[in-house]
Amino acid sequence: MVHRGFSLIEVMIVIAIIAFFAVLALPNFMTFLAKAKRSEAHIQLRALYMLQKAYFAEHGTYTDKLQGAASLNWKPEGQVNYTYGFPGSFVLGAFGTPASALSGASVGAQAFTIAAAGDIDNDGDYDILTINEKGEITLVKDDLQ
């Protein structure tokens with residue numbers, strides 16, 4: 001008698017092997033997704049940096065307002081995940097990070113620091129990045145660790 005196909009035991013062993021590899025790959029995949037979300041913050045902070053430099057060239061000082069009169073008039077394209085700006089002037093992102101997480105942001109006549117904050121892995125800790133007048137992006141608090 002000729003048997004064709006796979007037995008139930010063979011199929012279950014293959015499924016167990018696939019599940020084992022999926023469990024091994026999941027943490028790396030989640031870290032990859034979180035880093036992709038962080039790239040949004042780098043792009044938006046760089047855009048805010050360029051707007052601050054343009055505002056400075058025109059007015060001789062930096063501003064702590066993102067929108068409205070005497071501001072950068074920054075309106076991000078689409079929905080952002082991180083919260084951006086200063087404690088008094090900010091754009092709330094989809095992660096819902098409060099403006100209090102932007103406490104490291106500040107503006108002076110000749111210097112500024114703009115912050116971005118977001119809870120990228122939903123653990124209650126915030127990922128906080130800043131950019132200064134020199135264009136240096138700093139990871140103040142790493143939510144992935």
# chains A, B, ... in the order shown; residues from 1 in each chain; ligands from 1
$ select_by_dssp --residues "range 7-135 of chain A" --states "alpha helix (DSSP H)" --output "PyMOL selection string"
chain A and resi 8-59
$ residues_around --residues "range 84-93 of chain A" --least-positions-apart "6" --cutoff "6 Å" --atoms "only C-alpha atoms" --output "number ranges by chain"
A: 65, 99, 102-103, 105, 114-116
$ residues_around --residues "Thr97 in chain A" --least-positions-apart "6" --cutoff "9 Å" --atoms "only C-alpha atoms" --output "ChimeraX atom specification"
/A:81-83,117-119,126
$ closest_residue --among "A:Ala41, A:Ile17, A:Leu72, A:Ala36" --to "Ala54 in chain A" --atoms "only C-alpha atoms"
A:Leu72
$ closest_residue --among "A:Ser7, A:Ser39, A:Thr130, A:Asn28" --to "Ala101 in chain A" --atoms "only C-alpha atoms"
A:Thr130
$ atom_distance --atom1 "CA of Asp142 in chain A" --atom2 "CA of Ile128 in chain A"
6.8 Å
$ atom_distance --atom1 "CA of Glu58 in chain A" --atom2 "CA of Glu77 in chain A"
23.9 Å
$ closest_residue --among "A:Gly135, A:Gly5, A:Gly78, A:Gly96" --to "Ala47 in chain A" --atoms "only C-alpha atoms"
A:Gly135
$ closest_residue --among "A:Arg4, A:Glu10, A:Val80, A:Leu48" --to "Gln67 in chain A" --atoms "only C-alpha atoms"
A:Leu48
$ select_by_dssp --residues "range 21-134 of chain A" --states "strand (DSSP E or B)" --output "list in words"
Thr83, Tyr84, Gly85, Phe86, Ser89, Phe90, Val91, Ser106, Val107, Phe112, Thr113, Ile114, Ala115, Ala116, Ala117, Gly118, Asp127, Ile128, Leu129, Thr130, Ile131 and Asn132 of chain A
$ closest_residue --among "A:Thr31, A:His42, A:Ile13, A:Pro98" --to "Leu139 in chain A" --atoms "only C-alpha atoms"
A:His42
$ closest_residue --among "A:Ala34, A:Leu45, A:Ala94, A:Ala109" --to "Asp143 in chain A" --atoms "only C-alpha atoms"
A:Ala34
$ atom_distance --atom1 "CA of Ala16 in chain A" --atom2 "CA of Val2 in chain A"
27.1 Å
